[in-house]
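I have placed the structure first, in the form of structure tokens, so that the comments after it can refer back to it.
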Amino acid sequence: MQRRQLLKLGAGGLAGLCLRSLATGIPAGLLAGPRSAWAQAGGVAPQSLILCTSPSGDPFNAHAPGCDVAGASAPPDDRLRRVNVQLGETRVRAAQPWAALPRAMRDRLAFVLHRTNVNAHPEHAKVMRLLGAAKGPGGNGEDMLVSLIARHTADALGTIQREPVNMGRAAMTYQGRVLGRVTPSQLVDLFAGQDAALDDLTTLRDQTLDTLYADLKQTGTRAQRDFLDQYARSQHQARQLGQSLGALLQGIPADPDEPNSAADQVRAAAAMASLRVAPAYVLTIPFGGDNHADPGLVDETEQTIAGIAAFRLLWDELVRLGLQDEVTVCQWNVFGRTFETRGNAGRNHNSLAHTAMILGPRVQPGLYGALVRQGDDWAAQGIDPRTGQGVGNGGIPPGETLASLGKTLCAAVGLDAATIDADIRAGQVIRAALA
Amino acid sequence: MAALLCAAALGCADPDRGRRSDGGRADGAAPPAWDGAAPGDGGGAGGGAGGPDAAAPGRDAALPQGDAGAGVCDPTTTLTTCQACHGPQRAEAGLDLSPLGLADRIVGVESARCAGRLLVDPEDPERSLMLALVDPVRYAAAGQSCALGLMPPGSAGLPAEGIACLESYLRDISATVEPPPPPDTTPLDGALAKVKTLLTGDAPTADERAAVVADAAALRPLLEAWVETPAFEAKLQAFLQTALQQDFVGALEDQLDKPRGLRARLRRLEANLAESFARTAVRVVRDRRPFTDVLTTRDWELTTAAAIALAYTDQNDGQRSQAHTLLRRAPADAPRPVTVEWMVANRTWVEPSIPAECDFIGGLQADQALDFLLGLVRCRGNQPDYRFENQVLQDSDFSDWRTVTLTNANADNPPPAFYDVPTLRDATSMRLRVRRAGFFTTPAFLANYPTNDDNLFRVTTNQALIVALQTTFASGDPTPPFESDAVDERHADPASECYGCHKLLDPMRVAFWDAFSPKYQRAQARTGLAAQFAFQGHRVEEPMQTPIAFGRALASHPRFKTAWVQRLCYWANSQACNEADPAFVAIADAFEASGFDFKALIVDLFASPLVLDVPLISVTRANHFCPLVEARMEDATLCDGLGAALGLIPKDEFSRGDTAPALTATPSTFGFAAAEALCERLAGKLVGAADSGRALNPAEPDAAVHRVVEKLMGLHVGHPRHDAALAALQAHYEAARALPGASNGSALRAVATVACLSPDVMGVGL
């Protein structure tokens, strides 16, 4: 049986592990080992993270659970009518497409109303660093949350590379270093056409590259040695991916006229997660973009429907690959948008109300936090971490709800409390949001 | 919460920074203790000078109850003031001034926004950014200031005794730092290869190496020669296209009203618009004009197609609604054959090739006339649009580069019609209503930063500042604003933290607002608001209602010289230089003294330790790859047709709001896979028979392998690694030749691939 055929069969549980091992060439023990070790050490099985984020500040909050507040503007399109949506045992109001998601998916779906405290697009990186509360290695400096999580989960997951894969539109960093962007179509170009007949040549190539720099690796400066080591490591990692990823990427692009669409990103992320390429993957799923000027909220309507469909596709892919218990998904932007539109024009930035979504096996489904009228629009309240309810006083203050979201996501992917508190210097885990 | 959102730019920590393991002073005395020790801190509680038992080792080195001259001072009082914004829960600008492990977070740690500045400089504490922030009068001169605002913002500053106490404390903790390990000596070959590759793509020759080995001063004349080569101009153009943010990452949808046409023509139009100002800037450099011209020049390099785009956006509403007529056959009163001049004069377009099944729309608006020029006719019903090679606008109109002087149009001297192709084709000057000047008014730059009715050119203004001065607005900026009715108080309440930035930004943006509509077409009316420039200590008294006046204000800003040295540092090193380094300051000053001669700046910088002694080795990004292989293999067409593969490797990028470019420097899994794919395709273009004109002839494999080592890898005969590399590649050739089904050609391709993939090609500075 060819590797490619094996991969087509999908992978789930132990059988999936074996299949993935056969398909990738990575020993099953290695695939299972690190995760098991983490669990045996008293921790919780670490999760791969798929983070969907956009510096555009899409109006995700305008149709997600929690959106049905007084005076909120909704598009005239009936497809986004407000309905009851069951999230586990909790019933909330949201746009109809959320209600149409499979029950099993909604049973792991949480929404957190919070504040990002910024209202300018360039502050996206700052939000990703939890306004400075997310710390770098050793508690020093600051780090993006996705980098912080990757730093802690990569070894436990046994991923091929330690840094996240960025397929989205946002500039992301790993321990301060810019992550190059990789589009799904580029992945297809790189891996889908690989020919097993070239294996001999590849082996030969690797040997020659080793020979060429053998002396310099011994006698070079520290910078030379570091670079050569990193280069050799990336070479080794690329070989590990080999043809396996190419086979999983079949079907990309879904639409040749729209390469690197949300659907393509979702498929590519799930494919890479199944091979444990990286501890985290960053995507951008549009939900209306920077829609100050969107007469009739037409773009918002179409993209919201397509965006929720992309999440549905992601869920289907995770289930198909047997990954639904191994991956946590988060949707989190630079800021929210006003619930009220300016006439027929569109929505403004809202630093005080943003909705994040977390989907994962360790998530207690529901809606956490609450909105309160403030000025011309709505703002997120503080949160009681024990109940998850919005509170005017006590609990997590509104200004720390962003850091609390970050801590909660860390807990959802399996980081322990001590690590979370050491690396995020504000907020609290919203315990109610965890299963 | 204190109003410090845009506050001082203080940056991220370097966890590898060496610390004395005993946390002690250089003289062996233990550092004093911090009386506010946090849980887990080994330090003792309580105040007073700490003894050895109270000293927290290593990264928990503690704050002193230090000595500031005659009196005893308590830095905790001073720093507590700062912790409302710079504490563990709200580390504005990434700075946490809480006591636990404070020294590790500030000593020798570089500020993120004030590139290259150290928060506390252990070698010379008086150059510390933290001191410049609390006493800019006394300390800003110690290094090129980022013109950050006085801390704490909105205050009159710290009292003198507080500053003295902070000084004392910073000196004390600086003394606790272990001297950094001696820096790697950058090997001569690495440094020489780095600078020549960056400037020309080519590798140093044996003679060049010998000259520099004999006398290091020989490098400077080499640099001066390299910056006069055509290869350098090509590299410079690519650099400036990115540095001036002309790379097309946006869309022309607004400016050209959703243009449609033959896809290849649309792509060429975008490429023309992206290249236009980069070519302009190269001319400025080549002619040794002051580099500040990039902020003000109205002499632009244009093609006819680019001129059409400028003319299109310059229309008023009346011109935009003018009717055009499209016909399949010429009318009876038209000359035979029908001429372009007649079609232009009558706004009647004749296109016989439109197929009969296309029920086209005969009455065109301006945007449809533009589509027609670009090769598209809209057909009614379900018929697909008709795309064709329109001969009114020819292929040569996308490559006829020349300098065009932009002048002011008025009622008596109106701008040319965008569809008057013959006039635009011959133009060396062009009247426009929009007074475009400088890089920030080009269609490419504006396309990258769409604005809207709320934003109203704030993004445009901020981005122009970022490019010109490599800095952005800070709410703590102490520069007194002008009294202005342009500040949008509905959007930025004077009581809000937003106001700190808006009071300076809003009056500045009027320079754009008076010129452009939010679609970046011609403004239909002026705002009547006063446009004025006040930014980071620099105020321009004269109103600046036009983009050119904005450009002049930027050109007069003291940070301009610093910004462009720093941009070149990023280009050369993939990281920032220390702006407080005396060598950096000297180079920036020399740049100004030279009348902003950019070539002289490049020579100065590339001959300096700021470039030669930087140990970081970067991957070769796309911007450097093609010039490298084309220069070394002497074939300017090597990268033609590699487009898709080339797009797989990282390139130099910029992103909205970031003052630093996004430069991928470290190898990665996908980067390696991309390089491999690219190299395989490139190898296919290198190998061919002698009469094919290709560089590597399979009939002469030995010579070809030599050429790969000495040219492509740049390891000339006599280079310390030449012989070993040659032996390795000869062995590779033999092994590849022995594979089943192999030929000389396939084996040579294998050799070229591995050489291309080697860190000598895929790394800069090895």
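By convention here, the chains of the structure tokens are called A, B, ... in the order presented, each chain's residues are numbered starting at 1, and ligands are numbered starting at 1 in the order presented.
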Test item: residues at most 10 Å from A:Ala309, only C-alpha atoms, excluding those fewer than 2 positions along its chain, as a VMD selection string:
chain A and resid 97 to 98 100 to 101 262 to 263 303 to 307 311 to 315
Taking only C-alpha atoms into account, which residues of chain A are within 7 Å of chain B, as a VMD selection string?
chain A and resid 122 131 to 133 140 to 142 178 to 180 186 190 201 205 208 to 209 211 to 212 221 to 224 227 230 to 231 234 to 235 237 to 238 425 to 426
Give me the residues near A:Ile430 as a ChimeraX atom specification, where near means some atom within 7 Å (using only C-alpha atoms) and where sequence neighbours in that chain fewer than 5 positions away do not count.
/A:385-386,388,404,408
Output of the above residues as a short mmCIF file (atom, residue, chain, number, x, y, z; two decimals), in the first residue's frame, restricted to N, CA and C atoms:
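Heads up, here's the output in again01.cif:
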```cif
data_model
loop_
_atom_site.label_atom_id
_atom_site.label_comp_id
_atom_site.auth_asym_id
_atom_site.auth_seq_id
_atom_site.Cartn_x
_atom_site.Cartn_y
_atom_site.Cartn_z
N PRO A 385 -14.67 34.57 37.39
CA PRO A 385 -14.00 33.41 36.79
C PRO A 385 -14.64 32.09 37.20
N ARG A 386 -15.34 32.11 38.32
CA ARG A 386 -15.91 30.86 38.83
C ARG A 386 -17.20 30.50 38.08
N GLY A 388 -18.32 32.47 35.33
CA GLY A 388 -18.27 32.92 33.95
C GLY A 388 -19.24 34.04 33.65
N SER A 404 -7.09 37.43 30.65
CA SER A 404 -7.81 36.25 31.16
C SER A 404 -8.21 35.32 30.03
N THR A 408 -7.04 31.51 29.81
CA THR A 408 -8.02 30.44 29.62
C THR A 408 -7.66 29.58 28.41
#
```
Pairwise distance, atom CA of A:Glu163 with atom CA of A:Gly242, equals 18.4 Å
List as a list of chain:residue names the protein and nucleic acid residues near A:Leu148, meaning an atom at most 9 Å away when only C-alpha atoms are counted, but skip any in the same chain fewer than 5 places from it.
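Near A:Leu148, the qualifying residues are A:Ala134, A:Lys135, A:Gly136, A:Pro137, A:Asp143, A:Thr153, A:Tyr174, A:Gln175, A:Cys410, A:Asp423.
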Convert the current residue selection to file output with N, CA and C atoms, as a compact mmCIF listing (two decimals), in the first residue's frame.
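result.txt was written with the following content:
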```
# COMPACT_ATOMS: atom_id res chain seq x y z
N ALA A 134 1.88 38.82 28.36
CA ALA A 134 2.43 37.51 27.97
C ALA A 134 3.94 37.63 27.88
N LYS A 135 4.61 36.83 28.65
CA LYS A 135 6.05 36.97 28.81
C LYS A 135 6.84 35.97 27.95
N GLY A 136 8.07 36.36 27.67
CA GLY A 136 8.96 35.48 26.92
C GLY A 136 9.60 34.45 27.84
N PRO A 137 10.55 33.70 27.30
CA PRO A 137 11.20 32.65 28.10
C PRO A 137 11.78 33.23 29.38
N ASP A 143 5.94 38.29 24.72
CA ASP A 143 5.88 37.29 23.66
C ASP A 143 4.44 37.19 23.20
N THR A 153 4.36 23.70 24.28
CA THR A 153 3.72 22.46 23.82
C THR A 153 4.51 21.70 22.76
N TYR A 174 7.57 34.50 16.59
CA TYR A 174 7.87 33.41 17.53
C TYR A 174 9.11 33.84 18.30
N GLN A 175 8.97 34.04 19.58
CA GLN A 175 10.04 34.55 20.42
C GLN A 175 10.70 35.77 19.79
N CYS A 410 -4.66 29.13 27.31
CA CYS A 410 -3.51 28.32 27.73
C CYS A 410 -3.98 27.08 28.49
N ASP A 423 3.90 32.95 33.18
CA ASP A 423 4.13 33.52 31.85
C ASP A 423 3.12 34.58 31.46
```
Please determine, counting only C-alpha atoms, which residue among A:Ala74, A:Ala170, A:Val69, A:Ala417 has the shortest atom-to-atom distance to A:Ala125.
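Counting only C-alpha atoms, the residue closest to A:Ala125 is A:Ala170.
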Using only C-alpha atoms, determine which residues lie at most 10 Å from stretch 405-407 of chain A, disregarding the query and same-chain residues fewer than 2 positions distant; provide the list as a ChimeraX atom specification.
/A:112-116,128-130,133-134,145-146,149,332,356-358,400-403,409-412,415,417,419-421,423-431,433
Limited to N, CA and C atoms, could you put the picked residues into a file as a tab-separated table (two decimals), in the first residue's frame?
```tsv
chain	number	residue	atom	x	y	z
A	112	VAL	N	-16.24	34.13	24.55
A	112	VAL	CA	-15.86	34.98	25.68
A	112	VAL	C	-15.98	36.44	25.27
A	113	LEU	N	-16.84	37.17	25.98
A	113	LEU	CA	-16.98	38.60	25.75
A	113	LEU	C	-15.93	39.32	26.59
A	114	HIS	N	-15.12	40.10	25.95
A	114	HIS	CA	-14.02	40.74	26.69
A	114	HIS	C	-13.60	42.01	25.98
A	115	ARG	N	-12.58	42.64	26.49
A	115	ARG	CA	-12.06	43.87	25.89
A	115	ARG	C	-10.63	43.64	25.42
A	116	THR	N	-10.30	44.16	24.24
A	116	THR	CA	-8.88	44.11	23.85
A	116	THR	C	-8.16	45.40	24.24
A	128	MET	N	-1.90	40.49	20.52
A	128	MET	CA	-1.41	39.11	20.52
A	128	MET	C	-0.42	38.88	21.66
A	129	ARG	N	0.17	39.96	22.14
A	129	ARG	CA	1.09	39.84	23.30
A	129	ARG	C	0.35	40.14	24.60
A	130	LEU	N	-0.96	40.19	24.55
A	130	LEU	CA	-1.80	40.48	25.73
A	130	LEU	C	-1.38	41.79	26.37
A	133	ALA	N	1.37	41.48	28.83
A	133	ALA	CA	1.25	40.55	29.97
A	133	ALA	C	1.82	39.17	29.63
A	134	ALA	N	1.88	38.82	28.36
A	134	ALA	CA	2.43	37.51	27.97
A	134	ALA	C	3.94	37.63	27.88
A	145	LEU	N	1.07	35.36	22.41
A	145	LEU	CA	0.47	34.21	23.11
A	145	LEU	C	0.70	32.92	22.32
A	146	VAL	N	0.57	32.99	21.01
A	146	VAL	CA	0.72	31.78	20.22
A	146	VAL	C	2.16	31.25	20.32
A	149	ILE	N	2.52	29.65	23.83
A	149	ILE	CA	1.92	28.31	23.86
A	149	ILE	C	2.80	27.32	23.10
A	332	TRP	N	-9.84	35.07	17.34
A	332	TRP	CA	-9.50	36.19	18.23
A	332	TRP	C	-8.86	37.29	17.39
A	356	ALA	N	-14.33	36.44	21.53
A	356	ALA	CA	-13.40	35.39	21.11
A	356	ALA	C	-14.13	34.06	21.17
A	357	MET	N	-13.73	33.15	20.33
A	357	MET	CA	-14.34	31.82	20.31
A	357	MET	C	-13.26	30.78	20.59
A	358	ILE	N	-13.59	29.82	21.42
A	358	ILE	CA	-12.68	28.70	21.65
A	358	ILE	C	-13.45	27.41	21.41
A	400	GLU	N	-8.71	43.48	32.43
A	400	GLU	CA	-7.89	42.27	32.44
A	400	GLU	C	-8.58	41.09	31.77
A	401	THR	N	-9.68	41.36	31.12
A	401	THR	CA	-10.37	40.24	30.47
A	401	THR	C	-9.58	39.70	29.28
A	402	LEU	N	-8.77	40.57	28.65
A	402	LEU	CA	-7.96	40.09	27.53
A	402	LEU	C	-6.93	39.07	28.04
A	403	ALA	N	-6.20	39.46	29.07
A	403	ALA	CA	-5.20	38.54	29.62
A	403	ALA	C	-5.89	37.27	30.14
A	409	LEU	N	-7.19	30.24	27.36
A	409	LEU	CA	-6.78	29.48	26.18
A	409	LEU	C	-5.58	28.59	26.53
A	410	CYS	N	-4.66	29.13	27.31
A	410	CYS	CA	-3.51	28.32	27.73
A	410	CYS	C	-3.98	27.08	28.49
A	411	ALA	N	-4.95	27.27	29.37
A	411	ALA	CA	-5.46	26.13	30.13
A	411	ALA	C	-6.16	25.15	29.19
A	412	ALA	N	-6.85	25.67	28.22
A	412	ALA	CA	-7.57	24.80	27.29
A	412	ALA	C	-6.63	23.94	26.46
A	415	LEU	N	-1.76	23.79	29.34
A	415	LEU	CA	-0.68	24.30	30.18
A	415	LEU	C	-1.12	24.26	31.65
A	417	ALA	N	-1.23	25.39	35.71
A	417	ALA	CA	-1.52	26.69	36.33
A	417	ALA	C	-0.26	27.47	36.65
A	419	THR	N	2.66	27.38	35.19
A	419	THR	CA	3.25	27.93	33.97
A	419	THR	C	2.45	29.13	33.48
A	420	ILE	N	1.14	28.98	33.53
A	420	ILE	CA	0.29	30.06	33.05
A	420	ILE	C	0.52	31.33	33.87
A	421	ASP	N	0.55	31.18	35.19
A	421	ASP	CA	0.72	32.36	36.03
A	421	ASP	C	2.11	32.96	35.90
A	423	ASP	N	3.90	32.95	33.18
A	423	ASP	CA	4.13	33.52	31.85
A	423	ASP	C	3.12	34.58	31.46
A	424	ILE	N	2.00	34.64	32.15
A	424	ILE	CA	1.03	35.70	31.85
A	424	ILE	C	0.78	36.46	33.15
A	425	ARG	N	1.21	37.70	33.17
A	425	ARG	CA	1.27	38.43	34.44
A	425	ARG	C	0.03	39.29	34.68
A	426	ALA	N	-1.09	38.86	34.23
A	426	ALA	CA	-2.34	39.59	34.51
A	426	ALA	C	-3.49	38.62	34.29
A	427	GLY	N	-4.66	38.99	34.83
A	427	GLY	CA	-5.86	38.21	34.59
A	427	GLY	C	-5.90	36.90	35.34
A	428	GLN	N	-6.96	36.18	35.11
A	428	GLN	CA	-7.17	34.87	35.74
A	428	GLN	C	-7.76	33.91	34.72
A	429	VAL	N	-7.54	32.64	34.94
A	429	VAL	CA	-8.21	31.65	34.10
A	429	VAL	C	-9.71	31.72	34.40
A	430	ILE	N	-10.51	31.74	33.34
A	430	ILE	CA	-11.96	31.69	33.53
A	430	ILE	C	-12.31	30.21	33.70
A	431	ARG	N	-12.33	29.80	34.94
A	431	ARG	CA	-12.44	28.36	35.21
A	431	ARG	C	-13.76	27.79	34.69
A	433	ALA	N	-15.14	28.27	32.06
A	433	ALA	CA	-15.11	27.98	30.62
A	433	ALA	C	-14.38	26.69	30.31
```
Contacts of A:Asn61 at 6 Å or less, counting only C-alpha atoms, minus same-chain residues fewer than 3 places along, as number ranges by chain?
A: 64, 354-355
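Taking atom CA of B:Ala622 and atom CA of A:Pro55 as the two end points, the separation is 25.3 Å.
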Spatial neighbours of B:Leu192, max dist 9 Å, only C-alpha atoms, sep filter under 2 positions, as a PDB file with N, CA and C atoms, in the first residue's frame:
```pdb
ATOM      1  N   PRO B 187      34.701  36.673  10.166  1.00  0.00           N
ATOM      2  CA  PRO B 187      35.768  36.348   9.227  1.00  0.00           C
ATOM      3  C   PRO B 187      35.750  37.296   8.044  1.00  0.00           C
ATOM      4  N   LEU B 188      36.931  37.627   7.592  1.00  0.00           N
ATOM      5  CA  LEU B 188      37.055  38.557   6.474  1.00  0.00           C
ATOM      6  C   LEU B 188      36.240  38.089   5.274  1.00  0.00           C
ATOM      7  N   ASP B 189      36.333  36.801   4.978  1.00  0.00           N
ATOM      8  CA  ASP B 189      35.629  36.311   3.787  1.00  0.00           C
ATOM      9  C   ASP B 189      34.123  36.478   3.919  1.00  0.00           C
ATOM     10  N   GLY B 190      33.641  36.246   5.123  1.00  0.00           N
ATOM     11  CA  GLY B 190      32.209  36.408   5.339  1.00  0.00           C
ATOM     12  C   GLY B 190      31.783  37.854   5.173  1.00  0.00           C
ATOM     13  N   LYS B 194      29.504  39.314   2.199  1.00  0.00           N
ATOM     14  CA  LYS B 194      28.230  39.919   2.578  1.00  0.00           C
ATOM     15  C   LYS B 194      28.038  41.269   1.884  1.00  0.00           C
ATOM     16  N   VAL B 195      29.015  42.138   1.986  1.00  0.00           N
ATOM     17  CA  VAL B 195      28.786  43.483   1.449  1.00  0.00           C
ATOM     18  C   VAL B 195      28.725  43.478  -0.076  1.00  0.00           C
ATOM     19  N   LYS B 196      29.558  42.666  -0.704  1.00  0.00           N
ATOM     20  CA  LYS B 196      29.504  42.693  -2.173  1.00  0.00           C
ATOM     21  C   LYS B 196      28.223  42.041  -2.675  1.00  0.00           C
ATOM     22  N   THR B 197      27.833  40.966  -2.020  1.00  0.00           N
ATOM     23  CA  THR B 197      26.589  40.304  -2.439  1.00  0.00           C
ATOM     24  C   THR B 197      25.403  41.231  -2.253  1.00  0.00           C
ATOM     25  N   ALA B 203      30.034  37.826  -6.044  1.00  0.00           N
ATOM     26  CA  ALA B 203      30.941  37.442  -4.965  1.00  0.00           C
ATOM     27  C   ALA B 203      32.280  38.149  -5.161  1.00  0.00           C
ATOM     28  N   PRO B 204      33.025  38.329  -4.093  1.00  0.00           N
ATOM     29  CA  PRO B 204      34.336  38.978  -4.232  1.00  0.00           C
ATOM     30  C   PRO B 204      35.271  38.133  -5.092  1.00  0.00           C
ATOM     31  N   GLU B 208      40.163  41.129  -5.273  1.00  0.00           N
ATOM     32  CA  GLU B 208      39.531  41.995  -4.267  1.00  0.00           C
ATOM     33  C   GLU B 208      39.866  41.500  -2.861  1.00  0.00           C
ATOM     34  N   ARG B 209      39.799  40.185  -2.705  1.00  0.00           N
ATOM     35  CA  ARG B 209      40.108  39.628  -1.385  1.00  0.00           C
ATOM     36  C   ARG B 209      41.566  39.930  -1.015  1.00  0.00           C
ATOM     37  N   VAL B 212      42.069  43.517   0.149  1.00  0.00           N
ATOM     38  CA  VAL B 212      41.553  43.826   1.493  1.00  0.00           C
ATOM     39  C   VAL B 212      42.374  43.117   2.562  1.00  0.00           C
ATOM     40  N   LEU B 219      38.985  48.357   1.204  1.00  0.00           N
ATOM     41  CA  LEU B 219      37.555  48.064   1.053  1.00  0.00           C
ATOM     42  C   LEU B 219      36.776  49.277   0.566  1.00  0.00           C
ATOM     43  N   LEU B 612      30.051  45.385   8.949  1.00  0.00           N
ATOM     44  CA  LEU B 612      31.094  44.364   8.779  1.00  0.00           C
ATOM     45  C   LEU B 612      31.213  43.434   9.982  1.00  0.00           C
ATOM     46  N   GLY B 765      26.269  36.267   4.457  1.00  0.00           N
ATOM     47  CA  GLY B 765      27.223  36.579   5.520  1.00  0.00           C
ATOM     48  C   GLY B 765      27.989  35.391   6.045  1.00  0.00           C
TER      49      GLY B 765
END
```
Identify all residues of stretch 68-165 of chain A in strand (DSSP E or B) (DSSP on the backbone) and supply them as a ChimeraX atom specification.
/A:82-87,90-95,109-114,134,165
Write a file of the just-selected residues containing C-alpha atoms, as a PDB file, in the first residue's frame.
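Once everything was written out, this is out-v6.pdb:
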```pdb
ATOM      1  CA  ARG A  82     -31.230  35.902  15.433  1.00  0.00           C
ATOM      2  CA  VAL A  83     -32.183  32.503  16.792  1.00  0.00           C
ATOM      3  CA  ASN A  84     -31.621  30.399  19.879  1.00  0.00           C
ATOM      4  CA  VAL A  85     -28.367  28.507  19.766  1.00  0.00           C
ATOM      5  CA  GLN A  86     -27.691  25.615  22.095  1.00  0.00           C
ATOM      6  CA  LEU A  87     -24.109  25.486  23.372  1.00  0.00           C
ATOM      7  CA  THR A  90     -26.590  26.793  27.629  1.00  0.00           C
ATOM      8  CA  ARG A  91     -29.024  28.526  25.321  1.00  0.00           C
ATOM      9  CA  VAL A  92     -27.846  31.801  23.764  1.00  0.00           C
ATOM     10  CA  ARG A  93     -28.999  34.120  20.982  1.00  0.00           C
ATOM     11  CA  ALA A  94     -26.894  34.425  17.867  1.00  0.00           C
ATOM     12  CA  ALA A  95     -27.067  34.455  14.083  1.00  0.00           C
ATOM     13  CA  LEU A 109     -17.811  25.759  21.729  1.00  0.00           C
ATOM     14  CA  ALA A 110     -17.298  28.690  24.079  1.00  0.00           C
ATOM     15  CA  PHE A 111     -17.527  32.419  23.448  1.00  0.00           C
ATOM     16  CA  VAL A 112     -15.857  34.976  25.682  1.00  0.00           C
ATOM     17  CA  LEU A 113     -16.981  38.604  25.746  1.00  0.00           C
ATOM     18  CA  HIS A 114     -14.020  40.736  26.690  1.00  0.00           C
ATOM     19  CA  ALA A 134       2.430  37.512  27.970  1.00  0.00           C
ATOM     20  CA  VAL A 165       3.036  28.008  10.961  1.00  0.00           C
TER      21      VAL A 165
END
```
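In this structure, atom CA of B:Thr304 sits 20.8 Å away from atom CA of B:His324.
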